[in-house]
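Please read the structure below before turning to the comments.
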Amino acid sequence: MSLNDTPRANRLHIGLFGKRNSGKSSLVNALTGQQVATVSAVPGTTTDPVYKAMELHGIGPVVFIDTAGFDDEGELGALRVGRTEQAAKETDIALVLFSDEDMAGECAWIKRLQGAKTPVVAVVSRADVLADGGQDLVQKIEEQAGFTPIVVSAVEKSGLDALRAEIIRQLPEDYEAESITAGLCEPGDTVLLVMPQDIQAPKGRLILPQVQTLRELLDRHCHVLCCTTDELTATLALLKAPPQLIITDSQAFRSVHAQKPAASRLTSFSVLFAGYKGDIAYFTSSARKLLELPAEAHILIAEACTHRPLTEDIGRVKLPRLLRKRLGEKITITMTAGRDFPQDLRQAGIDFVIHCGACMFNRKYVLSRVAECRGQGVPMSNYGIAIAALLGILDDVEMPGRRN
């Protein structure tokens, strides 16, 4: 990915769902204009979901998710369907493909997607091989599913413009409404970014949350300064007036909080992403319960990244060290990475979930995890907010979405 590319997590996720050989892969290829997915007459060609990032006219950067057929069979088929179910959790708009008159599976998936508040577009695929161009099937879908589908043919390239227009019409109302620094700064504000460049920051690069925050602040016409933790005092001395806002890496919260001017508000990149990617109100209310956990509590630390553990890794070393210091040595800490996440948290004995900033996940997927925790009565917070609570400075940290 080049520096000019939109990160996949920031793209609108459009998932394609249907039976095996319903034309999902062919449709992805037709929409993208590329041979992205393997097309074959053999059922079950698509195994793991295939992700294709592209620019869609009228919307901008999107990613299409080509999934395995939800009617797959056998032990391997069950695993493929499980992957399809995971893909549904990060889908912003779902295309459900109908290819024959047996539509019980499609109707069940529409119900599942609607239950997750995912907009659905019904599609009659492979119109070129259907009798009367699929019009009889359209009528049956209207009667049984309550949808008027878009009729397409990937082979003949027909119906694609109508499908793109319907995708635009189904855009979630809050699409692109979220802001990383919502309510925390105004044009002309001076904002200081404190960014430790330790082993977790690749040489010659900044981590993604820092880059995205910096770009948004520049777009907001703020005056932005950057420094490392050890240069904070010297950087503050260069300013005629204290910065309106200081944004730090959460692992430097203690040091920056102790040095910041009284007039400067303080937050962290992780806290900002709690609002940008998740449910910050739930994360904050959960964090207030963190110090009340029993001595033998089981805490799950969930990371979006699957990087190799590094020395002084925040999720695997620093946060567990802080948790044990505040809660005692009897607590149990479990780590998950990527899309590994227990379906039954209570059965796994989890009492609390602490999630990373999730810069590698889209907001829909993070909110699906929030919903799972809420539904099972398990408090969930994220790195920055949990660290602030453990340090006793949560009330001094600014939350995006409000300006005191």
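Quick note on naming: the chains in the structure tokens go A, B, ... in the order shown, residues restart at 1 in each chain, and ligands are numbered from 1 in order of appearance.
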Per-residue DSSP, segment 115-203 of chain A, filtered to strand (DSSP E or B), as a list in words: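 Of segment 115-203 of chain A, the ones in strand (DSSP E or B) are Val120, Val121, Ala122, Val123, Val124, Ile150, Val151, Ser153, Ser158, Thr190, Val191, Leu192, Leu193 and Val194 of chain A.
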I want to know what sits within 12 Å of Asp344 of chain A, based on only C-alpha atoms, with residues of the same chain fewer than 4 positions away left out; could you give that as a PyMOL selection string? chain A and resi 348-351+369+372-378
If you count only C-alpha atoms, which residues fall within 8 Å of Gln210 of chain A, apart from same-chain ones fewer than 3 positions away, as a list in words?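 In the requested form, the answer reads Met195, Leu206, Ile207, Thr213, Leu214 and Phe269 of chain A.
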Take the selection from the previous step and output its residues with C-alpha atoms, as a CSV table (one decimal), in the first residue's frame.
```csv
chain,number,residue,atom,x,y,z
A,195,MET,CA,4.8,10.5,19.8
A,206,LEU,CA,4.8,6.7,11.8
A,207,ILE,CA,2.0,4.4,13.0
A,213,THR,CA,-4.8,12.2,13.2
A,214,LEU,CA,-2.1,14.5,11.8
A,269,PHE,CA,-4.5,8.6,20.0
```
Measure the distance from atom CA of Thr229 of chain A to atom CA of Arg321 of chain A in Å and round it to one decimal. 20.3 Å
Extract, using only C-alpha atoms, all DNA, RNA and protein residues at most 9 Å from Ile331 of chain A, discarding same-chain residues fewer than 2 positions from it, and format them as a VMD selection string. chain A and resid 294 to 299 323 to 324 327 to 329 333
Restrict the calculation to only C-alpha atoms, then for each residue of segment 53-85 of chain A with any atom at most 12 Å from an atom of segment 5-10 of chain A give the closest atom pair and their distance in Å to one decimal, rows by chain and rising residue number, as JSON lines.
```
{"residue": "A:Ala53", "atom": "CA", "partner": "A:Arg8", "partner_atom": "CA", "distance": 7.0}
{"residue": "A:Met54", "atom": "CA", "partner": "A:Thr6", "partner_atom": "CA", "distance": 9.6}
{"residue": "A:Glu55", "atom": "CA", "partner": "A:Thr6", "partner_atom": "CA", "distance": 9.8}
{"residue": "A:Gly60", "atom": "CA", "partner": "A:Thr6", "partner_atom": "CA", "distance": 9.8}
{"residue": "A:Pro61", "atom": "CA", "partner": "A:Thr6", "partner_atom": "CA", "distance": 6.9}
{"residue": "A:Val62", "atom": "CA", "partner": "A:Arg8", "partner_atom": "CA", "distance": 7.9}
{"residue": "A:Val63", "atom": "CA", "partner": "A:Arg8", "partner_atom": "CA", "distance": 6.9}
{"residue": "A:Phe64", "atom": "CA", "partner": "A:Arg8", "partner_atom": "CA", "distance": 10.3}
{"residue": "A:Ile65", "atom": "CA", "partner": "A:Arg8", "partner_atom": "CA", "distance": 11.4}
```
Any chance you could export the current selection's C-alpha atoms as a JSON list (two decimals), in the first residue's frame?
```json
[["chain", "number", "residue", "atom", "x", "y", "z"],
["A", 53, "ALA", "CA", -10.03, -2.33, -2.63],
["A", 54, "MET", "CA", -11.04, 0.08, -5.39],
["A", 55, "GLU", "CA", -12.60, 3.47, -6.11],
["A", 60, "GLY", "CA", -14.96, 6.88, -3.34],
["A", 61, "PRO", "CA", -12.75, 4.24, -1.72],
["A", 62, "VAL", "CA", -14.51, 0.94, -1.07],
["A", 63, "VAL", "CA", -13.56, -2.68, -0.51],
["A", 64, "PHE", "CA", -15.58, -5.55, -1.97],
["A", 65, "ILE", "CA", -15.72, -8.78, 0.05]]
```
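The space between atom CA of Asp189 of chain A and atom CA of Ile280 of chain A spans 23.7 Å.
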Among segment 146-359 of chain A, which residues carry a DSSP assignment of helix (DSSP H, G or I), reported as a PyMOL selection string? chain A and resi 160-169+208-219+229-238+250-259+269-277+280-287+290-292+314-327
Separation of atom CA of Arg164 of chain A from atom CA of Leu27 of chain A, in Å and rounded to one decimal: 11.8 Å
Pro242 of chain A surroundings by only C-alpha atoms, 10 Å radius, close-in-sequence under 3 positions cut, as a short mmCIF file (atom, residue, chain, number, x, y, z; two decimals) with N, CA, C and O atoms, in the first residue's frame:
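The result, stored in result.cif:
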```cif
data_model
loop_
_atom_site.label_atom_id
_atom_site.label_comp_id
_atom_site.auth_asym_id
_atom_site.auth_seq_id
_atom_site.Cartn_x
_atom_site.Cartn_y
_atom_site.Cartn_z
N THR A 190 -3.71 25.43 18.37
CA THR A 190 -2.40 24.79 18.38
C THR A 190 -2.54 23.42 19.05
O THR A 190 -3.05 23.32 20.17
N VAL A 191 -2.11 22.39 18.34
CA VAL A 191 -2.23 21.02 18.84
C VAL A 191 -0.83 20.40 18.85
O VAL A 191 -0.13 20.43 17.84
N LEU A 192 -0.45 19.86 20.00
CA LEU A 192 0.85 19.22 20.15
C LEU A 192 0.69 17.71 20.19
O LEU A 192 -0.07 17.18 21.00
N LEU A 236 7.34 22.66 24.67
CA LEU A 236 6.40 23.59 25.32
C LEU A 236 7.05 24.96 25.53
O LEU A 236 6.39 26.00 25.41
N ALA A 237 8.36 24.96 25.84
CA ALA A 237 9.07 26.22 26.08
C ALA A 237 9.18 27.07 24.82
O ALA A 237 9.37 28.29 24.90
N LEU A 238 9.06 26.46 23.65
CA LEU A 238 9.14 27.20 22.39
C LEU A 238 7.86 28.00 22.10
O LEU A 238 7.88 28.91 21.27
N LEU A 239 6.77 27.64 22.75
CA LEU A 239 5.48 28.25 22.47
C LEU A 239 5.23 29.48 23.32
O LEU A 239 5.56 29.50 24.51
N LEU A 245 -4.60 21.77 22.82
CA LEU A 245 -4.79 20.33 22.96
C LEU A 245 -3.46 19.61 22.83
O LEU A 245 -2.64 19.96 21.97
N ILE A 246 -3.25 18.62 23.69
CA ILE A 246 -2.09 17.73 23.58
C ILE A 246 -2.62 16.32 23.35
O ILE A 246 -3.47 15.83 24.10
N LYS A 260 2.05 18.58 31.49
CA LYS A 260 1.23 19.44 30.64
C LYS A 260 0.83 20.73 31.37
O LYS A 260 0.59 20.73 32.58
N PRO A 261 0.75 21.85 30.64
CA PRO A 261 0.26 23.09 31.25
C PRO A 261 -1.20 22.94 31.68
O PRO A 261 -1.97 22.19 31.06
N ALA A 262 -1.59 23.63 32.71
CA ALA A 262 -2.96 23.53 33.22
C ALA A 262 -3.99 23.94 32.17
O ALA A 262 -5.11 23.42 32.14
N ALA A 263 -3.59 24.85 31.27
CA ALA A 263 -4.53 25.35 30.27
C ALA A 263 -4.70 24.40 29.08
O ALA A 263 -5.61 24.58 28.27
N SER A 264 -3.86 23.40 28.97
CA SER A 264 -3.92 22.48 27.83
C SER A 264 -4.78 21.27 28.17
O SER A 264 -4.64 20.68 29.24
N ARG A 265 -5.65 20.91 27.23
CA ARG A 265 -6.45 19.69 27.39
C ARG A 265 -5.63 18.50 26.88
O ARG A 265 -4.78 18.66 26.01
#
```
Residues at most 12 Å from segment 115-120 of chain A, counting only C-alpha atoms, excluding those fewer than 3 positions away in the same chain, as a PDB file with N, CA and C atoms, in the first residue's frame?
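Output contents, as saved in part.pdb:
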```pdb
ATOM      1  N   HIS A  13     -17.154  -1.048   3.298  1.00  0.00           N
ATOM      2  CA  HIS A  13     -17.062  -2.493   3.050  1.00  0.00           C
ATOM      3  C   HIS A  13     -18.376  -2.995   2.450  1.00  0.00           C
ATOM      4  N   ILE A  14     -18.285  -3.540   1.238  1.00  0.00           N
ATOM      5  CA  ILE A  14     -19.453  -4.062   0.528  1.00  0.00           C
ATOM      6  C   ILE A  14     -19.290  -5.576   0.411  1.00  0.00           C
ATOM      7  N   GLY A  15     -20.123  -6.324   1.123  1.00  0.00           N
ATOM      8  CA  GLY A  15     -20.021  -7.777   1.126  1.00  0.00           C
ATOM      9  C   GLY A  15     -21.001  -8.423   0.171  1.00  0.00           C
ATOM     10  N   LEU A  16     -20.572  -9.494  -0.498  1.00  0.00           N
ATOM     11  CA  LEU A  16     -21.440 -10.249  -1.402  1.00  0.00           C
ATOM     12  C   LEU A  16     -21.731 -11.606  -0.767  1.00  0.00           C
ATOM     13  N   PHE A  17     -23.029 -11.939  -0.647  1.00  0.00           N
ATOM     14  CA  PHE A  17     -23.452 -13.158   0.018  1.00  0.00           C
ATOM     15  C   PHE A  17     -24.429 -13.914  -0.874  1.00  0.00           C
ATOM     16  N   GLU A  85     -19.568 -15.705   7.888  1.00  0.00           N
ATOM     17  CA  GLU A  85     -20.249 -15.052   9.012  1.00  0.00           C
ATOM     18  C   GLU A  85     -19.370 -13.968   9.621  1.00  0.00           C
ATOM     19  N   ALA A  88     -19.458 -10.914   7.450  1.00  0.00           N
ATOM     20  CA  ALA A  88     -20.708 -10.165   7.597  1.00  0.00           C
ATOM     21  C   ALA A  88     -20.606  -9.128   8.704  1.00  0.00           C
ATOM     22  N   LYS A  89     -19.781  -9.399   9.713  1.00  0.00           N
ATOM     23  CA  LYS A  89     -19.660  -8.479  10.846  1.00  0.00           C
ATOM     24  C   LYS A  89     -18.977  -7.176  10.470  1.00  0.00           C
ATOM     25  N   GLU A  90     -18.190  -7.192   9.381  1.00  0.00           N
ATOM     26  CA  GLU A  90     -17.519  -5.956   8.976  1.00  0.00           C
ATOM     27  C   GLU A  90     -18.122  -5.360   7.703  1.00  0.00           C
ATOM     28  N   THR A  91     -19.272  -5.875   7.298  1.00  0.00           N
ATOM     29  CA  THR A  91     -19.919  -5.408   6.072  1.00  0.00           C
ATOM     30  C   THR A  91     -20.790  -4.184   6.348  1.00  0.00           C
ATOM     31  N   ASP A  92     -20.537  -3.104   5.609  1.00  0.00           N
ATOM     32  CA  ASP A  92     -21.340  -1.882   5.743  1.00  0.00           C
ATOM     33  C   ASP A  92     -22.601  -1.957   4.879  1.00  0.00           C
ATOM     34  N   ILE A  93     -22.488  -2.536   3.691  1.00  0.00           N
ATOM     35  CA  ILE A  93     -23.622  -2.745   2.795  1.00  0.00           C
ATOM     36  C   ILE A  93     -23.499  -4.164   2.243  1.00  0.00           C
ATOM     37  N   ALA A  94     -24.599  -4.915   2.271  1.00  0.00           N
ATOM     38  CA  ALA A  94     -24.573  -6.301   1.814  1.00  0.00           C
ATOM     39  C   ALA A  94     -25.323  -6.452   0.502  1.00  0.00           C
ATOM     40  N   LEU A  95     -24.701  -7.154  -0.437  1.00  0.00           N
ATOM     41  CA  LEU A  95     -25.367  -7.554  -1.674  1.00  0.00           C
ATOM     42  C   LEU A  95     -25.721  -9.032  -1.517  1.00  0.00           C
ATOM     43  N   VAL A  96     -27.006  -9.350  -1.498  1.00  0.00           N
ATOM     44  CA  VAL A  96     -27.457 -10.735  -1.373  1.00  0.00           C
ATOM     45  C   VAL A  96     -27.898 -11.208  -2.749  1.00  0.00           C
ATOM     46  N   LEU A  97     -27.222 -12.235  -3.273  1.00  0.00           N
ATOM     47  CA  LEU A  97     -27.459 -12.696  -4.636  1.00  0.00           C
ATOM     48  C   LEU A  97     -28.446 -13.853  -4.666  1.00  0.00           C
ATOM     49  N   GLU A 106     -31.309 -17.293   1.272  1.00  0.00           N
ATOM     50  CA  GLU A 106     -31.140 -15.860   1.044  1.00  0.00           C
ATOM     51  C   GLU A 106     -32.010 -15.048   2.009  1.00  0.00           C
ATOM     52  N   CYS A 107     -33.258 -15.483   2.204  1.00  0.00           N
ATOM     53  CA  CYS A 107     -34.158 -14.765   3.118  1.00  0.00           C
ATOM     54  C   CYS A 107     -33.641 -14.817   4.549  1.00  0.00           C
ATOM     55  N   ALA A 108     -33.071 -15.977   4.943  1.00  0.00           N
ATOM     56  CA  ALA A 108     -32.516 -16.093   6.293  1.00  0.00           C
ATOM     57  C   ALA A 108     -31.325 -15.159   6.473  1.00  0.00           C
ATOM     58  N   TRP A 109     -30.489 -15.044   5.427  1.00  0.00           N
ATOM     59  CA  TRP A 109     -29.337 -14.157   5.527  1.00  0.00           C
ATOM     60  C   TRP A 109     -29.752 -12.690   5.526  1.00  0.00           C
ATOM     61  N   ILE A 110     -30.779 -12.360   4.790  1.00  0.00           N
ATOM     62  CA  ILE A 110     -31.287 -10.980   4.835  1.00  0.00           C
ATOM     63  C   ILE A 110     -31.744 -10.640   6.243  1.00  0.00           C
ATOM     64  N   LYS A 111     -32.437 -11.576   6.881  1.00  0.00           N
ATOM     65  CA  LYS A 111     -32.902 -11.355   8.250  1.00  0.00           C
ATOM     66  C   LYS A 111     -31.716 -11.171   9.194  1.00  0.00           C
ATOM     67  N   ARG A 112     -30.679 -11.995   9.020  1.00  0.00           N
ATOM     68  CA  ARG A 112     -29.473 -11.892   9.847  1.00  0.00           C
ATOM     69  C   ARG A 112     -28.812 -10.522   9.680  1.00  0.00           C
ATOM     70  N   VAL A 123     -30.028  -8.830  -5.227  1.00  0.00           N
ATOM     71  CA  VAL A 123     -29.516  -8.875  -6.597  1.00  0.00           C
ATOM     72  C   VAL A 123     -29.918 -10.192  -7.251  1.00  0.00           C
ATOM     73  N   ALA A 145     -39.412 -12.192  -0.214  1.00  0.00           N
ATOM     74  CA  ALA A 145     -38.379 -11.487   0.553  1.00  0.00           C
ATOM     75  C   ALA A 145     -38.735 -10.036   0.819  1.00  0.00           C
ATOM     76  N   GLY A 146     -39.694  -9.516   0.071  1.00  0.00           N
ATOM     77  CA  GLY A 146     -40.080  -8.124   0.283  1.00  0.00           C
ATOM     78  C   GLY A 146     -39.105  -7.122  -0.293  1.00  0.00           C
ATOM     79  N   PHE A 147     -38.273  -7.548  -1.234  1.00  0.00           N
ATOM     80  CA  PHE A 147     -37.289  -6.677  -1.871  1.00  0.00           C
ATOM     81  C   PHE A 147     -37.533  -6.658  -3.374  1.00  0.00           C
ATOM     82  N   THR A 148     -37.306  -5.495  -3.986  1.00  0.00           N
ATOM     83  CA  THR A 148     -37.251  -5.421  -5.437  1.00  0.00           C
ATOM     84  C   THR A 148     -35.792  -5.474  -5.839  1.00  0.00           C
ATOM     85  N   PRO A 149     -35.359  -6.588  -6.416  1.00  0.00           N
ATOM     86  CA  PRO A 149     -33.926  -6.764  -6.676  1.00  0.00           C
ATOM     87  C   PRO A 149     -33.445  -6.022  -7.914  1.00  0.00           C
ATOM     88  N   ILE A 150     -32.138  -5.826  -7.964  1.00  0.00           N
ATOM     89  CA  ILE A 150     -31.463  -5.314  -9.149  1.00  0.00           C
ATOM     90  C   ILE A 150     -31.056  -6.521 -10.000  1.00  0.00           C
ATOM     91  N   LEU A 163     -26.921  -1.148 -10.179  1.00  0.00           N
ATOM     92  CA  LEU A 163     -26.448  -1.693  -8.904  1.00  0.00           C
ATOM     93  C   LEU A 163     -25.597  -0.671  -8.168  1.00  0.00           C
ATOM     94  N   GLU A 166     -27.828   1.875  -6.617  1.00  0.00           N
ATOM     95  CA  GLU A 166     -28.525   1.375  -5.429  1.00  0.00           C
ATOM     96  C   GLU A 166     -27.592   1.297  -4.235  1.00  0.00           C
ATOM     97  N   ILE A 167     -26.337   0.952  -4.474  1.00  0.00           N
ATOM     98  CA  ILE A 167     -25.359   0.949  -3.380  1.00  0.00           C
ATOM     99  C   ILE A 167     -25.229   2.354  -2.797  1.00  0.00           C
ATOM    100  N   ILE A 168     -25.152   3.348  -3.669  1.00  0.00           N
ATOM    101  CA  ILE A 168     -25.062   4.743  -3.208  1.00  0.00           C
ATOM    102  C   ILE A 168     -26.306   5.114  -2.414  1.00  0.00           C
ATOM    103  N   ARG A 169     -27.469   4.686  -2.880  1.00  0.00           N
ATOM    104  CA  ARG A 169     -28.723   5.016  -2.189  1.00  0.00           C
ATOM    105  C   ARG A 169     -28.781   4.371  -0.799  1.00  0.00           C
ATOM    106  N   GLN A 170     -28.127   3.237  -0.642  1.00  0.00           N
ATOM    107  CA  GLN A 170     -28.163   2.509   0.624  1.00  0.00           C
ATOM    108  C   GLN A 170     -27.038   2.900   1.575  1.00  0.00           C
ATOM    109  N   LEU A 171     -26.248   3.894   1.206  1.00  0.00           N
ATOM    110  CA  LEU A 171     -25.163   4.316   2.089  1.00  0.00           C
ATOM    111  C   LEU A 171     -25.695   4.628   3.482  1.00  0.00           C
ATOM    112  N   PRO A 172     -25.057   4.118   4.534  1.00  0.00           N
ATOM    113  CA  PRO A 172     -25.487   4.455   5.895  1.00  0.00           C
ATOM    114  C   PRO A 172     -25.480   5.963   6.113  1.00  0.00           C
ATOM    115  N   GLU A 173     -26.463   6.451   6.874  1.00  0.00           N
ATOM    116  CA  GLU A 173     -26.593   7.894   7.077  1.00  0.00           C
ATOM    117  C   GLU A 173     -25.350   8.505   7.695  1.00  0.00           C
ATOM    118  N   LYS A 364     -17.640  -0.839  11.653  1.00  0.00           N
ATOM    119  CA  LYS A 364     -18.728  -1.813  11.737  1.00  0.00           C
ATOM    120  C   LYS A 364     -18.267  -3.060  12.486  1.00  0.00           C
ATOM    121  N   TYR A 365     -17.036  -3.491  12.231  1.00  0.00           N
ATOM    122  CA  TYR A 365     -16.548  -4.707  12.872  1.00  0.00           C
ATOM    123  C   TYR A 365     -16.295  -4.478  14.365  1.00  0.00           C
ATOM    124  N   LEU A 367     -17.840  -2.335  16.259  1.00  0.00           N
ATOM    125  CA  LEU A 367     -19.147  -2.241  16.906  1.00  0.00           C
ATOM    126  C   LEU A 367     -19.808  -3.606  17.040  1.00  0.00           C
ATOM    127  N   SER A 368     -19.479  -4.536  16.141  1.00  0.00           N
ATOM    128  CA  SER A 368     -20.018  -5.892  16.293  1.00  0.00           C
ATOM    129  C   SER A 368     -19.430  -6.550  17.539  1.00  0.00           C
ATOM    130  N   ARG A 369     -18.176  -6.277  17.834  1.00  0.00           N
ATOM    131  CA  ARG A 369     -17.572  -6.798  19.061  1.00  0.00           C
ATOM    132  C   ARG A 369     -18.162  -6.124  20.295  1.00  0.00           C
ATOM    133  N   ALA A 371     -21.174  -5.045  20.507  1.00  0.00           N
ATOM    134  CA  ALA A 371     -22.505  -5.641  20.664  1.00  0.00           C
ATOM    135  C   ALA A 371     -22.417  -7.011  21.330  1.00  0.00           C
ATOM    136  N   GLU A 372     -21.390  -7.795  20.966  1.00  0.00           N
ATOM    137  CA  GLU A 372     -21.220  -9.110  21.587  1.00  0.00           C
ATOM    138  C   GLU A 372     -20.943  -8.970  23.083  1.00  0.00           C
TER     139      GLU A 372
END
```
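Shortest atom-to-atom contact with Phe283 of chain A among A:Pro209, A:Pro379, A:Gly33, A:Pro342: A:Pro379, counting only C-alpha atoms.
Nearest-residue note for Asp249 of chain A: choosing from A:Val50, A:Ala389, A:Leu345, A:Val194, the minimum distance belongs to A:Val194, counting only C-alpha atoms.
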Neighbours of Gly18 of chain A within 9 Å (only C-alpha atoms; same-chain residues fewer than 3 positions away dropped), as a list of chain:residue names? A:Asn21, A:Ser22, A:Gly23, A:Lys24, A:Thr67, A:Ala68, A:Gly69, A:Phe70, A:Asp71, A:Leu95, A:Val96, A:Leu97, A:Phe98, A:Ser99, A:Gly105, A:Glu106, A:Trp109
Can those selected residues be exported to a file as a PDB file, in the first residue's frame so that it contains N, CA, C and O atoms?
```pdb
ATOM      1  N   ASN A  21     -21.750 -20.820  -6.452  1.00  0.00           N
ATOM      2  CA  ASN A  21     -22.050 -20.659  -7.883  1.00  0.00           C
ATOM      3  C   ASN A  21     -23.237 -19.743  -8.152  1.00  0.00           C
ATOM      4  O   ASN A  21     -23.955 -19.904  -9.129  1.00  0.00           O
ATOM      5  N   SER A  22     -23.447 -18.769  -7.261  1.00  0.00           N
ATOM      6  CA  SER A  22     -24.522 -17.799  -7.506  1.00  0.00           C
ATOM      7  C   SER A  22     -24.013 -16.593  -8.294  1.00  0.00           C
ATOM      8  O   SER A  22     -24.792 -15.688  -8.610  1.00  0.00           O
ATOM      9  N   GLY A  23     -22.711 -16.570  -8.593  1.00  0.00           N
ATOM     10  CA  GLY A  23     -22.164 -15.482  -9.403  1.00  0.00           C
ATOM     11  C   GLY A  23     -21.496 -14.378  -8.615  1.00  0.00           C
ATOM     12  O   GLY A  23     -21.251 -13.299  -9.152  1.00  0.00           O
ATOM     13  N   LYS A  24     -21.185 -14.632  -7.340  1.00  0.00           N
ATOM     14  CA  LYS A  24     -20.565 -13.595  -6.505  1.00  0.00           C
ATOM     15  C   LYS A  24     -19.214 -13.159  -7.066  1.00  0.00           C
ATOM     16  O   LYS A  24     -18.949 -11.960  -7.224  1.00  0.00           O
ATOM     17  N   THR A  67     -17.426 -13.612  -0.643  1.00  0.00           N
ATOM     18  CA  THR A  67     -17.460 -14.636   0.399  1.00  0.00           C
ATOM     19  C   THR A  67     -17.766 -16.018  -0.173  1.00  0.00           C
ATOM     20  O   THR A  67     -18.279 -16.158  -1.286  1.00  0.00           O
ATOM     21  N   ALA A  68     -17.473 -17.033   0.636  1.00  0.00           N
ATOM     22  CA  ALA A  68     -17.824 -18.407   0.264  1.00  0.00           C
ATOM     23  C   ALA A  68     -19.334 -18.588   0.343  1.00  0.00           C
ATOM     24  O   ALA A  68     -20.026 -17.879   1.089  1.00  0.00           O
ATOM     25  N   GLY A  69     -19.872 -19.524  -0.417  1.00  0.00           N
ATOM     26  CA  GLY A  69     -21.310 -19.768  -0.425  1.00  0.00           C
ATOM     27  C   GLY A  69     -21.821 -20.169   0.948  1.00  0.00           C
ATOM     28  O   GLY A  69     -21.224 -21.003   1.628  1.00  0.00           O
ATOM     29  N   PHE A  70     -22.942 -19.580   1.363  1.00  0.00           N
ATOM     30  CA  PHE A  70     -23.462 -19.897   2.696  1.00  0.00           C
ATOM     31  C   PHE A  70     -24.153 -21.264   2.743  1.00  0.00           C
ATOM     32  O   PHE A  70     -24.605 -21.703   3.793  1.00  0.00           O
ATOM     33  N   ASP A  71     -24.212 -21.969   1.579  1.00  0.00           N
ATOM     34  CA  ASP A  71     -24.779 -23.313   1.556  1.00  0.00           C
ATOM     35  C   ASP A  71     -23.683 -24.374   1.483  1.00  0.00           C
ATOM     36  O   ASP A  71     -23.958 -25.543   1.183  1.00  0.00           O
ATOM     37  N   LEU A  95     -24.701  -7.154  -0.437  1.00  0.00           N
ATOM     38  CA  LEU A  95     -25.367  -7.554  -1.674  1.00  0.00           C
ATOM     39  C   LEU A  95     -25.721  -9.032  -1.517  1.00  0.00           C
ATOM     40  O   LEU A  95     -24.825  -9.871  -1.385  1.00  0.00           O
ATOM     41  N   VAL A  96     -27.006  -9.350  -1.498  1.00  0.00           N
ATOM     42  CA  VAL A  96     -27.457 -10.735  -1.373  1.00  0.00           C
ATOM     43  C   VAL A  96     -27.898 -11.208  -2.749  1.00  0.00           C
ATOM     44  O   VAL A  96     -28.838 -10.650  -3.329  1.00  0.00           O
ATOM     45  N   LEU A  97     -27.222 -12.235  -3.273  1.00  0.00           N
ATOM     46  CA  LEU A  97     -27.459 -12.696  -4.636  1.00  0.00           C
ATOM     47  C   LEU A  97     -28.446 -13.853  -4.666  1.00  0.00           C
ATOM     48  O   LEU A  97     -28.275 -14.856  -3.967  1.00  0.00           O
ATOM     49  N   PHE A  98     -29.487 -13.703  -5.479  1.00  0.00           N
ATOM     50  CA  PHE A  98     -30.473 -14.755  -5.720  1.00  0.00           C
ATOM     51  C   PHE A  98     -30.205 -15.336  -7.099  1.00  0.00           C
ATOM     52  O   PHE A  98     -30.086 -14.590  -8.082  1.00  0.00           O
ATOM     53  N   SER A  99     -30.132 -16.668  -7.191  1.00  0.00           N
ATOM     54  CA  SER A  99     -29.836 -17.295  -8.481  1.00  0.00           C
ATOM     55  C   SER A  99     -30.865 -18.349  -8.882  1.00  0.00           C
ATOM     56  O   SER A  99     -30.814 -18.859 -10.007  1.00  0.00           O
ATOM     57  N   GLY A 105     -32.463 -19.749   2.038  1.00  0.00           N
ATOM     58  CA  GLY A 105     -31.175 -19.333   2.582  1.00  0.00           C
ATOM     59  C   GLY A 105     -30.949 -17.839   2.440  1.00  0.00           C
ATOM     60  O   GLY A 105     -30.477 -17.173   3.364  1.00  0.00           O
ATOM     61  N   GLU A 106     -31.309 -17.293   1.272  1.00  0.00           N
ATOM     62  CA  GLU A 106     -31.140 -15.860   1.044  1.00  0.00           C
ATOM     63  C   GLU A 106     -32.010 -15.048   2.009  1.00  0.00           C
ATOM     64  O   GLU A 106     -31.561 -14.040   2.577  1.00  0.00           O
ATOM     65  N   TRP A 109     -30.489 -15.044   5.427  1.00  0.00           N
ATOM     66  CA  TRP A 109     -29.337 -14.157   5.527  1.00  0.00           C
ATOM     67  C   TRP A 109     -29.752 -12.690   5.526  1.00  0.00           C
ATOM     68  O   TRP A 109     -29.133 -11.865   6.211  1.00  0.00           O
TER      69      TRP A 109
END
```
Which one is closest to Lys157 of chain A: A:Arg316, A:Asn29, A:His221, A:Thr181? Count only C-alpha atoms.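 Under the stated criterion, the closest residue is A:Asn29.
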